[in-house]
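Undergrad: The following file, model.csv, comprises CSV, C-alpha atoms:
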chain,number,residue,atom,x,y,z
F,38,MET,CA,15.3,0.2,15.7
F,39,THR,CA,17.6,-2.8,16.2
F,40,ARG,CA,19.4,-4.2,13.3
F,41,HIS,CA,19.4,-8.0,13.4
F,42,PRO,CA,22.5,-10.0,12.6
F,43,VAL,CA,22.6,-11.6,9.2
F,44,PRO,CA,23.5,-15.3,9.0
F,45,ASP,CA,26.8,-16.0,7.3
F,46,GLY,CA,26.5,-16.7,3.6
F,47,VAL,CA,23.0,-15.1,3.1
F,48,ASN,CA,22.8,-11.8,1.3
F,49,THR,CA,19.5,-10.3,2.3
F,50,THR,CA,19.8,-7.1,0.3
F,51,VAL,CA,18.1,-9.2,-2.4
F,52,THR,CA,19.7,-7.4,-5.3
F,53,THR,CA,19.2,-8.4,-8.8
F,54,THR,CA,22.5,-10.4,-9.0
F,55,ARG,CA,22.1,-14.1,-9.6
F,56,THR,CA,24.5,-14.9,-6.7
F,57,ASP,CA,22.3,-13.1,-4.2
F,58,LEU,CA,19.1,-14.8,-5.5
F,59,ASP,CA,20.8,-18.2,-5.5
F,60,GLU,CA,21.9,-17.7,-1.9
F,61,LEU,CA,18.4,-16.6,-0.9
F,62,ALA,CA,16.8,-19.6,-2.7
F,63,ALA,CA,19.1,-22.0,-0.8
F,64,ALA,CA,18.3,-20.4,2.6
F,65,LEU,CA,14.5,-20.4,1.8
F,66,GLN,CA,14.6,-24.0,0.7
F,67,SER,CA,16.4,-25.0,3.9
F,68,TRP,CA,13.8,-23.1,6.0
F,69,LEU,CA,10.8,-24.7,4.1
F,70,ARG,CA,12.2,-28.2,4.6
F,71,THR,CA,12.5,-27.6,8.3
F,72,ALA,CA,9.1,-25.8,8.7
F,73,GLU,CA,7.2,-28.4,6.8
F,74,ASP,CA,9.3,-31.4,7.9
F,75,ASP,CA,9.9,-32.4,4.4
F,76,GLN,CA,13.4,-32.7,3.1
F,77,SER,CA,12.2,-33.3,-0.5
F,78,ILE,CA,11.0,-29.7,-1.0
F,79,THR,CA,12.9,-27.7,-3.6
F,80,VAL,CA,12.8,-24.0,-4.4
F,81,GLU,CA,13.0,-23.0,-8.1
F,82,ASP,CA,12.6,-20.0,-10.4
F,83,LEU,CA,13.3,-17.5,-7.6
F,84,GLU,CA,13.3,-13.9,-8.8
F,85,ARG,CA,12.7,-10.5,-7.3
F,86,SER,CA,9.3,-9.0,-8.2
F,87,GLU,CA,9.2,-5.7,-10.1
F,88,SER,CA,6.6,-4.7,-7.5
F,89,SER,CA,9.2,-4.8,-4.7
F,90,GLY,CA,9.3,-1.4,-2.9
F,91,MET,CA,10.6,0.2,0.2
F,92,SER,CA,7.7,-1.0,2.4
F,93,SER,CA,8.9,-4.6,1.8
F,94,VAL,CA,10.8,-6.8,-0.6
F,95,THR,CA,8.7,-9.2,-2.7
F,96,VAL,CA,10.3,-12.3,-4.2
F,97,LEU,CA,8.6,-14.8,-6.5
F,98,PHE,CA,9.4,-18.5,-6.4
F,99,THR,CA,8.1,-22.0,-7.1
F,100,ALA,CA,7.9,-24.6,-4.3
F,101,VAL,CA,8.1,-28.1,-5.6
F,102,ARG,CA,6.7,-30.8,-3.2
F,103,GLY,CA,6.8,-34.2,-4.9
F,104,GLY,CA,4.8,-33.8,-8.1
F,105,ASP,CA,3.2,-30.6,-7.0
F,106,ARG,CA,4.5,-27.2,-8.2
F,107,SER,CA,3.2,-24.2,-6.2
F,108,ALA,CA,3.7,-20.6,-7.3
F,109,GLN,CA,4.4,-18.7,-4.1
F,110,VAL,CA,5.5,-15.2,-2.9
F,111,LEU,CA,8.1,-14.4,-0.2
F,112,ARG,CA,7.7,-11.0,1.4
F,113,LEU,CA,10.6,-9.8,3.5
F,114,ALA,CA,10.4,-6.9,6.0
F,115,PRO,CA,12.7,-4.1,5.0
F,116,GLU,CA,16.2,-3.6,6.4
F,117,PRO,CA,16.3,-0.8,9.0
F,118,SER,CA,19.6,0.4,7.5
F,119,ALA,CA,17.8,1.0,4.2
F,120,LEU,CA,15.7,3.8,5.8
F,121,PRO,CA,12.4,2.1,5.3
F,122,VAL,CA,9.3,4.1,4.5
F,123,PHE,CA,7.3,3.0,7.5
F,124,PRO,CA,8.4,2.5,11.2
F,125,GLY,CA,6.9,-0.9,11.6
F,126,TYR,CA,6.1,-4.1,9.6
F,127,ASP,CA,3.7,-6.4,11.5
F,128,LEU,CA,3.6,-9.7,9.6
F,129,HIS,CA,1.1,-11.4,11.9
F,130,ARG,CA,-1.3,-8.5,11.6
F,131,GLN,CA,-1.1,-8.8,7.8
F,132,ALA,CA,-1.7,-12.5,7.9
F,133,ALA,CA,-4.6,-12.1,10.3
F,134,VAL,CA,-6.3,-9.5,8.0
F,135,THR,CA,-5.7,-11.7,4.9
F,136,GLY,CA,-7.1,-14.7,6.8
F,137,ALA,CA,-10.2,-12.8,7.8
F,138,LEU,CA,-10.8,-11.7,4.3
F,139,ALA,CA,-10.3,-15.3,2.9
F,140,ASP,CA,-12.7,-16.7,5.5
F,141,ALA,CA,-15.4,-14.2,4.7
F,142,GLY,CA,-15.1,-14.9,1.0
F,143,LEU,CA,-16.1,-11.4,-0.1
F,144,VAL,CA,-12.7,-10.4,-1.4
F,145,PRO,CA,-10.2,-12.5,-3.4
F,146,VAL,CA,-6.9,-12.6,-1.5
F,147,PRO,CA,-3.9,-15.0,-1.7
F,148,ARG,CA,-3.6,-17.4,1.2
F,149,VAL,CA,-0.8,-16.8,3.7
F,150,ARG,CA,1.0,-20.1,4.3
F,151,ARG,CA,3.5,-19.2,7.0
F,152,VAL,CA,4.8,-16.3,9.0
F,153,GLU,CA,8.4,-16.3,10.3
F,154,GLU,CA,9.3,-13.6,12.9
F,155,SER,CA,12.8,-14.7,13.6
F,156,PRO,CA,15.5,-13.0,11.5
F,157,GLU,CA,17.6,-16.2,11.7
F,158,PRO,CA,16.6,-18.0,8.5
F,159,LEU,CA,16.8,-15.1,6.0
F,160,GLY,CA,18.2,-12.2,7.9
F,161,ARG,CA,14.9,-10.6,8.7
F,162,PRO,CA,11.3,-11.5,9.3
F,163,PHE,CA,9.1,-12.7,6.4
F,164,LEU,CA,5.9,-14.4,5.3
F,165,VAL,CA,5.2,-16.8,2.5
F,166,MET,CA,1.9,-16.8,0.6
F,167,ASP,CA,0.4,-18.2,-2.5
F,168,ARG,CA,0.9,-16.3,-5.7
F,169,ALA,CA,-2.3,-14.9,-7.3
F,170,ASP,CA,-2.9,-14.7,-11.0
F,171,GLY,CA,-3.4,-11.3,-12.7
F,172,THR,CA,-1.7,-8.0,-13.3
F,173,ALA,CA,-1.9,-4.7,-11.4
F,174,PRO,CA,-2.0,-1.3,-13.0
F,175,PRO,CA,1.6,0.0,-12.7
F,176,ASP,CA,2.8,2.9,-10.5
F,177,ASN,CA,6.1,3.5,-12.3
F,178,PRO,CA,5.3,5.0,-14.7
F,179,PRO,CA,1.7,5.5,-13.5
F,180,TYR,CA,-1.0,3.7,-15.5
F,181,VAL,CA,-2.5,7.0,-16.6
F,182,PHE,CA,0.5,7.6,-18.9
F,183,GLY,CA,-0.2,4.7,-21.2
F,184,GLY,CA,-0.7,1.0,-21.4
F,185,PRO,CA,-3.6,-1.5,-21.2
F,186,LEU,CA,-5.9,0.7,-19.1
F,187,VAL,CA,-5.4,3.8,-21.4
F,188,ASP,CA,-5.9,1.5,-24.4
F,189,ALA,CA,-9.0,-0.2,-23.0
F,190,THR,CA,-12.5,0.6,-24.2
F,191,PRO,CA,-14.8,2.8,-22.0
F,192,ALA,CA,-16.9,-0.3,-21.4
F,193,GLU,CA,-13.9,-2.3,-20.1
F,194,ARG,CA,-12.8,0.6,-17.8
F,195,ASP,CA,-16.3,0.9,-16.5
F,196,ARG,CA,-16.4,-2.8,-15.8
F,197,MET,CA,-13.1,-2.6,-13.9
F,198,GLN,CA,-14.3,0.5,-12.0
F,199,ARG,CA,-17.5,-1.1,-10.9
F,200,ALA,CA,-15.8,-4.4,-9.9
F,201,SER,CA,-13.1,-2.5,-7.9
F,202,VAL,CA,-15.6,-0.4,-6.0
F,203,ALA,CA,-17.6,-3.5,-5.2
F,204,LEU,CA,-14.4,-5.2,-3.9
F,205,LEU,CA,-13.8,-2.2,-1.6
F,206,ALA,CA,-17.3,-2.5,-0.3
F,207,GLY,CA,-16.6,-6.2,0.3
F,208,VAL,CA,-13.5,-5.3,2.4
F,209,HIS,CA,-15.7,-3.1,4.6
F,210,ALA,CA,-18.3,-5.8,5.0
F,211,THR,CA,-15.7,-8.3,6.3
F,212,PRO,CA,-15.7,-8.8,10.1
F,213,PRO,CA,-12.4,-7.4,11.5
F,214,PRO,CA,-10.0,-10.0,13.0
F,215,ASP,CA,-9.0,-9.8,16.7
F,216,ALA,CA,-5.7,-8.4,15.7
F,217,LEU,CA,-7.5,-5.1,14.7
F,218,LEU,CA,-10.2,-5.2,17.4
F,219,ALA,CA,-7.4,-5.0,20.0
F,220,ASP,CA,-6.5,-1.5,18.6
F,221,GLY,CA,-9.0,0.3,20.8
F,222,PRO,CA,-12.6,1.0,21.6
F,223,ALA,CA,-15.2,1.1,18.8
F,224,GLY,CA,-15.7,4.5,17.3
F,225,THR,CA,-12.2,5.7,17.9
F,226,GLY,CA,-10.7,4.9,14.5
F,227,LEU,CA,-10.6,8.4,13.1
F,228,ALA,CA,-8.9,9.8,16.3
F,229,ARG,CA,-6.3,7.0,16.0
F,230,LEU,CA,-5.8,7.8,12.3
F,231,VAL,CA,-5.1,11.5,13.0
F,232,ASP,CA,-2.8,10.7,15.9
F,233,ASP,CA,-1.0,8.1,13.9
F,234,THR,CA,-0.5,10.5,11.0
F,235,VAL,CA,1.0,13.1,13.3
F,236,ALA,CA,3.2,10.5,14.9
F,237,TYR,CA,4.3,9.1,11.6
F,238,TYR,CA,5.3,12.6,10.4
F,239,GLU,CA,7.4,13.2,13.5
F,240,TRP,CA,9.0,9.7,13.1
F,241,THR,CA,10.1,10.6,9.6
F,242,VAL,CA,11.6,13.9,10.8
F,243,ALA,CA,13.5,12.2,13.6
F,244,ASN,CA,14.8,9.5,11.3
F,245,GLY,CA,16.6,11.3,8.5
F,246,GLY,CA,13.9,13.6,7.3
F,247,VAL,CA,13.2,17.3,7.4
F,248,ARG,CA,10.3,19.5,8.5
F,249,VAL,CA,8.0,20.3,5.6
F,250,PRO,CA,5.8,23.4,6.1
F,251,ILE,CA,3.0,22.3,3.8
F,252,LEU,CA,2.6,19.0,5.7
F,253,GLU,CA,2.6,20.8,9.1
F,254,ASP,CA,-0.1,23.1,7.7
F,255,GLY,CA,-2.1,20.0,6.7
F,256,LEU,CA,-1.6,18.3,10.0
F,257,ARG,CA,-3.0,21.4,11.8
F,258,ARG,CA,-6.1,21.4,9.6
F,259,LEU,CA,-6.6,17.7,10.3
F,260,ARG,CA,-6.4,18.2,14.1
F,261,ASP,CA,-8.5,21.4,14.1
F,262,GLU,CA,-11.2,20.3,11.7
F,263,ARG,CA,-11.7,16.6,12.7
F,264,PRO,CA,-15.4,15.7,12.4
F,265,ALA,CA,-17.0,15.5,15.8
F,266,GLN,CA,-18.7,12.3,14.9
F,267,ALA,CA,-17.3,9.8,12.4
F,268,SER,CA,-19.0,6.9,10.6
F,269,PRO,CA,-18.7,3.5,12.5
F,270,ASP,CA,-15.4,1.8,12.1
F,271,VAL,CA,-14.9,-1.0,9.6
F,272,LEU,CA,-12.0,-3.2,8.5
F,273,ALA,CA,-10.2,-0.6,6.4
F,274,TRP,CA,-7.6,-1.5,3.8
F,275,GLY,CA,-5.3,1.4,4.5
F,276,ASP,CA,-3.9,1.4,0.9
F,277,ALA,CA,-7.1,1.0,-1.2
F,278,ARG,CA,-6.2,1.6,-4.8
F,279,ILE,CA,-6.3,-0.2,-8.1
F,280,GLY,CA,-2.5,-0.5,-8.0
F,281,ASN,CA,-2.9,-3.0,-5.2
F,282,ILE,CA,-5.4,-5.1,-7.1
F,283,LEU,CA,-4.6,-7.8,-9.6
F,284,TYR,CA,-6.9,-8.0,-12.6
F,285,ARG,CA,-7.6,-10.4,-15.4
F,286,ASP,CA,-9.9,-9.2,-18.2
F,287,PHE,CA,-10.6,-6.1,-16.1
F,288,GLU,CA,-12.0,-8.2,-13.3
F,289,PRO,CA,-10.2,-8.4,-9.9
F,290,THR,CA,-8.4,-11.7,-9.1
F,291,ALA,CA,-6.7,-10.6,-5.8
F,292,ALA,CA,-6.4,-7.7,-3.4
F,293,LEU,CA,-2.9,-7.2,-2.1
F,294,ASP,CA,-0.8,-5.2,0.5
F,295,TRP,CA,-2.5,-5.2,3.8
F,296,GLU,CA,0.3,-3.6,5.9
F,297,GLY,CA,-1.8,-0.5,6.6
F,298,ALA,CA,-5.1,-2.3,7.5
F,299,ALA,CA,-6.8,-0.7,10.5
F,300,LEU,CA,-10.2,-0.1,12.2
F,301,ALA,CA,-11.3,3.1,10.6
F,302,PRO,CA,-14.3,4.8,9.1
F,303,PRO,CA,-15.1,3.6,5.5
F,304,GLU,CA,-14.5,7.1,4.2
F,305,TYR,CA,-10.8,6.7,4.8
F,306,ASP,CA,-10.5,4.0,2.2
F,307,VAL,CA,-13.0,5.5,-0.3
F,308,ALA,CA,-11.1,8.8,-0.1
F,309,TRP,CA,-7.8,7.1,-0.7
F,310,PHE,CA,-9.2,5.2,-3.6
F,311,VAL,CA,-10.4,8.5,-5.3
F,312,PHE,CA,-7.4,10.6,-4.2
F,313,PHE,CA,-4.7,8.2,-5.6
F,314,HIS,CA,-6.2,8.1,-9.1
F,315,ARG,CA,-6.8,11.9,-9.1
F,316,MET,CA,-3.2,12.5,-8.0
F,317,TYR,CA,-2.0,10.4,-11.0
F,318,GLN,CA,-4.4,12.1,-13.3
F,319,ASP,CA,-3.1,15.6,-12.3
F,320,MET,CA,0.4,14.3,-12.9
F,321,ALA,CA,-0.6,13.2,-16.4
F,322,ALA,CA,-2.2,16.6,-17.1
F,323,SER,CA,1.0,18.4,-16.0
F,324,PHE,CA,2.9,16.5,-18.6
F,325,GLY,CA,0.4,17.3,-21.3
F,326,LYS,CA,-1.0,13.7,-21.3
F,327,PRO,CA,-4.7,13.1,-21.6
F,328,GLY,CA,-4.7,10.4,-18.9
F,329,LEU,CA,-8.0,9.0,-17.8
F,330,PRO,CA,-10.2,11.9,-16.8
F,331,GLY,CA,-13.4,9.9,-16.9
F,332,PHE,CA,-12.1,7.0,-14.8
F,333,LEU,CA,-12.6,6.7,-11.0
F,334,ARG,CA,-14.3,10.2,-10.8
F,335,ALA,CA,-15.1,11.1,-7.3
F,336,ALA,CA,-18.9,11.4,-7.8
F,337,ASP,CA,-19.0,8.0,-9.7
F,338,VAL,CA,-17.0,6.1,-7.1
F,339,LEU,CA,-19.0,7.6,-4.1
F,340,GLY,CA,-22.3,6.8,-5.8
F,341,GLN,CA,-21.2,3.2,-6.7
F,342,TYR,CA,-19.9,2.6,-3.2
F,343,ARG,CA,-23.1,3.8,-1.5
F,344,ALA,CA,-25.1,1.5,-3.8
F,345,ASP,CA,-22.8,-1.5,-3.2
F,346,SER,CA,-22.4,-1.0,0.6
F,347,ASP,CA,-25.7,0.6,1.6
F,348,ARG,CA,-23.6,3.0,3.6
F,349,ALA,CA,-23.8,6.8,3.8
F,350,LEU,CA,-20.5,8.6,3.4
F,351,HIS,CA,-19.8,11.8,5.4
F,352,ASP,CA,-17.2,14.5,5.5
F,353,MET,CA,-15.5,13.4,2.3
F,354,PRO,CA,-13.5,16.7,1.8
F,355,TYR,CA,-11.9,16.1,5.2
F,356,PHE,CA,-10.9,12.5,4.3
F,357,LEU,CA,-9.6,13.5,0.9
F,358,MET,CA,-7.4,16.0,2.7
F,359,LEU,CA,-6.3,13.3,5.1
F,360,SER,CA,-5.3,11.2,2.1
F,361,ALA,CA,-3.3,14.0,0.6
F,362,VAL,CA,-1.5,14.7,3.8
F,363,ARG,CA,-0.7,11.0,4.6
F,364,MET,CA,0.6,10.5,1.0
F,365,GLY,CA,2.6,13.7,1.3
F,366,ILE,CA,4.4,12.3,4.4
F,367,ILE,CA,5.1,9.1,2.5
F,368,PHE,CA,6.5,11.1,-0.5
F,369,ALA,CA,8.6,13.2,1.8
F,370,ARG,CA,10.0,10.1,3.4
F,371,ILE,CA,10.9,8.6,0.0
F,372,LYS,CA,12.5,11.9,-1.1
F,373,ALA,CA,14.5,12.1,2.1
F,374,ARG,CA,15.7,8.6,1.5
F,375,SER,CA,16.8,9.4,-2.0
F,376,VAL,CA,18.7,12.5,-0.7
F,377,HIS,CA,20.3,10.5,2.0
F,378,PHE,CA,21.7,7.9,-0.4
F,379,GLY,CA,22.8,10.6,-2.9
F,380,ASP,CA,20.4,9.7,-5.6
F,381,THR,CA,18.9,13.3,-5.8
F,382,PRO,CA,19.8,16.7,-4.4
F,383,ALA,CA,17.8,18.1,-1.5
F,384,PRO,CA,15.2,20.6,-2.8
F,385,ALA,CA,15.7,24.3,-2.0
F,386,ASP,CA,12.0,24.5,-0.9
F,387,PRO,CA,11.2,21.8,1.6
F,388,ASP,CA,7.6,21.7,0.4
F,389,GLU,CA,9.0,20.1,-2.8
F,390,TYR,CA,9.8,17.0,-0.8
F,391,VAL,CA,6.0,16.3,-1.4
F,392,LEU,CA,5.5,15.2,-5.0
F,393,HIS,CA,1.9,16.5,-5.2
F,394,HIS,CA,2.6,19.7,-3.2
F,395,ARG,CA,0.7,21.9,-5.7
F,396,MET,CA,-2.4,19.7,-5.3
F,397,LEU,CA,-2.0,19.7,-1.5
F,398,ARG,CA,-1.7,23.5,-1.4
F,399,ALA,CA,-4.8,23.9,-3.5
F,400,LEU,CA,-6.6,21.6,-1.1
F,401,LEU,CA,-5.4,23.6,1.9
F,402,ASP,CA,-6.5,26.8,0.3
F,403,ASP,CA,-10.0,25.3,-0.4
F,404,ARG,CA,-9.7,25.8,-4.2
F,405,TYR,CA,-9.4,22.2,-5.3
F,406,GLU,CA,-12.4,20.8,-7.2
F,407,TRP,CA,-13.4,17.1,-6.5
F,408,GLU,CA,-16.8,17.1,-8.1
F,409,ILE,CA,-18.4,15.2,-5.2
Would you write out, as structure tokens, the structure that this file holds?

TA:
Amino acid sequence: MTRHPVPDGVNTTVTTTRTDLDELAAALQSWLRTAEDDQSITVEDLERSESSGMSSVTVLFTAVRGGDRSAQVLRLAPEPSALPVFPGYDLHRQAAVTGALADAGLVPVPRVRRVEESPEPLGRPFLVMDRADGTAPPDNPPYVFGGPLVDATPAERDRMQRASVALLAGVHATPPPDALLADGPAGTGLARLVDDTVAYYEWTVANGGVRVPILEDGLRRLRDERPAQASPDVLAWGDARIGNILYRDFEPTAALDWEGAALAPPEYDVAWFVFFHRMYQDMAASFGKPGLPGFLRAADVLGQYRADSDRALHDMPYFLMLSAVRMGIIFARIKARSVHFGDTPAPADPDEYVLHHRMLRALLDDRYEWEI
């Protein structure tokens, strides 16, 4: 990967210091004035979002144009020197997917206003989009450990679950944009997913990671047991989970984070949706917390999705394993990054680079119960 030069005076690490944020606000304001040919635009209230992660940096700000105040979001591609979680960050692809969803009107998404691929204005590529109203269930600590969702009534959680599954069906009913149709012939999405998963693992190993035996066991299973015939490809989210949905009164207001969007069988997203909650629920149980055992149960999600989409789902155990392996690679990358920067020691057992390694081992041993 090539590291782009950073313009003088702009600190693009986007730390929490006020100086860094003020410098970024000034650079962003200058870029907006040029991009929109309006020297009266000002940028105010710029702050780093708590949702910023290692796949991108998210910054909130208000753009003032005359008497109009517009709440917007700046998403910056990660710095290669920071050992990003993923090997690529295609801003135009994200914008194309979000635009297709907005045009179809089946899924609420924030409007992408501009994409800037040049690193010159802010030190790295970025996009600007409208800020949506609502709150997402948190990942740190996971929402199953406490908070509004745990405190909600069963009826409120049921409303949220039904609306979220319906949203997922809406994603899959949306015509894919040309940016995804160019990926390959129809019906090859699963093969690409498996190949990409293997390639992603090898990239993590070659870029500061270690070989993890449990992940290599999983990759062998995915290659050897791939279904001979998969469901027709759809516009797949690639990170379908409630943590990427904003809610107000337990109803979705916006679906976010389309970096992983792809042409893939619908089972890919449905499995990820189920797996992610189950992983968190297992985590809660390991800490002696009740969590939310009746929420997003596999059988309920699959039944609701079939009713909402009128699609049959096949080979779900395979796709659930695919989800666990892909998430395992992500966790191993995050752990390797933490070790690299001296935040944590390297585990003695490389399988422990995977946060949910016990769950994954049970899956590989065919002794994990999904109730599907």

Undergrad: Considering all atoms listed in the file, give me a table of residues in range 329-402 of chain F that are at most 8 Å from range 121-131 of chain F, with the closest atom pair and distance in Å for each, as JSON lines.

TA:
{"residue": "F:Ile367", "atom": "CA", "partner": "F:Val122", "partner_atom": "CA", "distance": 6.8}
{"residue": "F:Arg370", "atom": "CA", "partner": "F:Val122", "partner_atom": "CA", "distance": 6.1}
{"residue": "F:Ile371", "atom": "CA", "partner": "F:Val122", "partner_atom": "CA", "distance": 6.6}

Undergrad: Hey, which of F:Pro156, F:Gly207, F:Pro185, F:Pro250 ends up closest to Tyr284 in chain F? Count all atoms listed in the file.

TA: F:Pro185

Undergrad: Tell me, as a PDB file with C-alpha atoms, in the coordinates of the input, which residues lie within 6 Å of range 286-302 of chain F, counting all atoms listed in the file; anything in the same chain fewer than 3 positions away does not count.

TA:
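Listing of around.pdb after writing:
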ATOM      1  CA  GLN F 131      -1.100  -8.800   7.800  1.00  0.00           C
ATOM      2  CA  PRO F 145     -10.200 -12.500  -3.400  1.00  0.00           C
ATOM      3  CA  VAL F 146      -6.900 -12.600  -1.500  1.00  0.00           C
ATOM      4  CA  MET F 197     -13.100  -2.600 -13.900  1.00  0.00           C
ATOM      5  CA  GLY F 226     -10.700   4.900  14.500  1.00  0.00           C
ATOM      6  CA  LEU F 227     -10.600   8.400  13.100  1.00  0.00           C
ATOM      7  CA  SER F 268     -19.000   6.900  10.600  1.00  0.00           C
ATOM      8  CA  PRO F 269     -18.700   3.500  12.500  1.00  0.00           C
ATOM      9  CA  ASP F 270     -15.400   1.800  12.100  1.00  0.00           C
ATOM     10  CA  VAL F 271     -14.900  -1.000   9.600  1.00  0.00           C
ATOM     11  CA  LEU F 272     -12.000  -3.200   8.500  1.00  0.00           C
ATOM     12  CA  ALA F 273     -10.200  -0.600   6.400  1.00  0.00           C
ATOM     13  CA  TRP F 274      -7.600  -1.500   3.800  1.00  0.00           C
ATOM     14  CA  GLY F 275      -5.300   1.400   4.500  1.00  0.00           C
ATOM     15  CA  ASN F 281      -2.900  -3.000  -5.200  1.00  0.00           C
ATOM     16  CA  ILE F 282      -5.400  -5.100  -7.100  1.00  0.00           C
ATOM     17  CA  LEU F 283      -4.600  -7.800  -9.600  1.00  0.00           C
ATOM     18  CA  TYR F 305     -10.800   6.700   4.800  1.00  0.00           C
TER      19      TYR F 305
END

Undergrad: Excluding Leu357 in chain F and residues on its chain fewer than 4 positions from it, collect all residues at most 7 Å away from it, counting only C-alpha atoms, and give them as a PyMOL selection string.

TA: chain F and resi 308-309+312+353+361

Undergrad: Report, in Å to a single decimal, how far apart CA of Asp233 in chain F and CA of Leu218 in chain F are.

TA: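 These two atoms are separated by 16.5 Å.
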
Undergrad: Choose the residue, out of F:Leu252, F:Val144, F:Val181, F:Ala100, that has the smallest atom-to-atom separation from Gly325 in chain F; count only C-alpha atoms.

TA: F:Val181

Undergrad: Identify the residues within 12 Å of coordinate (-2.0, 18.0, 9.8) (same frame as the file), considering only C-alpha atoms, and give the answer as a ChimeraX atom specification.

TA: /F:230-239,249-263,355-356,358-366,397,401

Undergrad: Between F:Val110, F:Leu65, F:Ile78, F:Leu120, which is the closest to Thr241 in chain F once you count all atoms listed in the file?

TA: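 Distance minimum relative to Thr241 in chain F lands on F:Leu120.
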
Undergrad: Using all atoms listed in the file, which of F:Glu84, F:Glu73, F:Glu116, F:Asp188 sits nearest Arg161 in chain F?

TA: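 Looking only at the distances to Arg161 in chain F, the closest residue turns out to be F:Glu116.
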
Undergrad: Give me, please, the distance in Å between CA of Ala321 in chain F and CA of Ala336 in chain F, quoted to one decimal.

TA: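 Going from CA of Ala321 in chain F over to CA of Ala336 in chain F, I get 20.3 Å.
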
Undergrad: So which one's closest to Asn177 in chain F, F:Gly142, F:Leu83, F:Gly280, F:Trp240? Using all atoms listed in the file, please.

TA: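 Answer, going by the shortest atom-to-atom distance: F:Gly280.
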
Undergrad: Set the distance at 9 Å and use all atoms listed in the file: which residues neighbour Val311 in chain F once local chain neighbours fewer than 4 positions away are removed? I'd like the list as a ChimeraX atom specification.

TA: /F:278,306-307,315-316,333-335,338-339,357

Undergrad: Would you pick out the contacts of Pro330 in chain F at 7 Å or less, using only C-alpha atoms, so that residues sharing its chain but fewer than 2 positions from it are not included, and give the list as a list in words?

TA: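 These residues fall inside the cut-off: Gln318, Gly328 and Phe332 of chain F.
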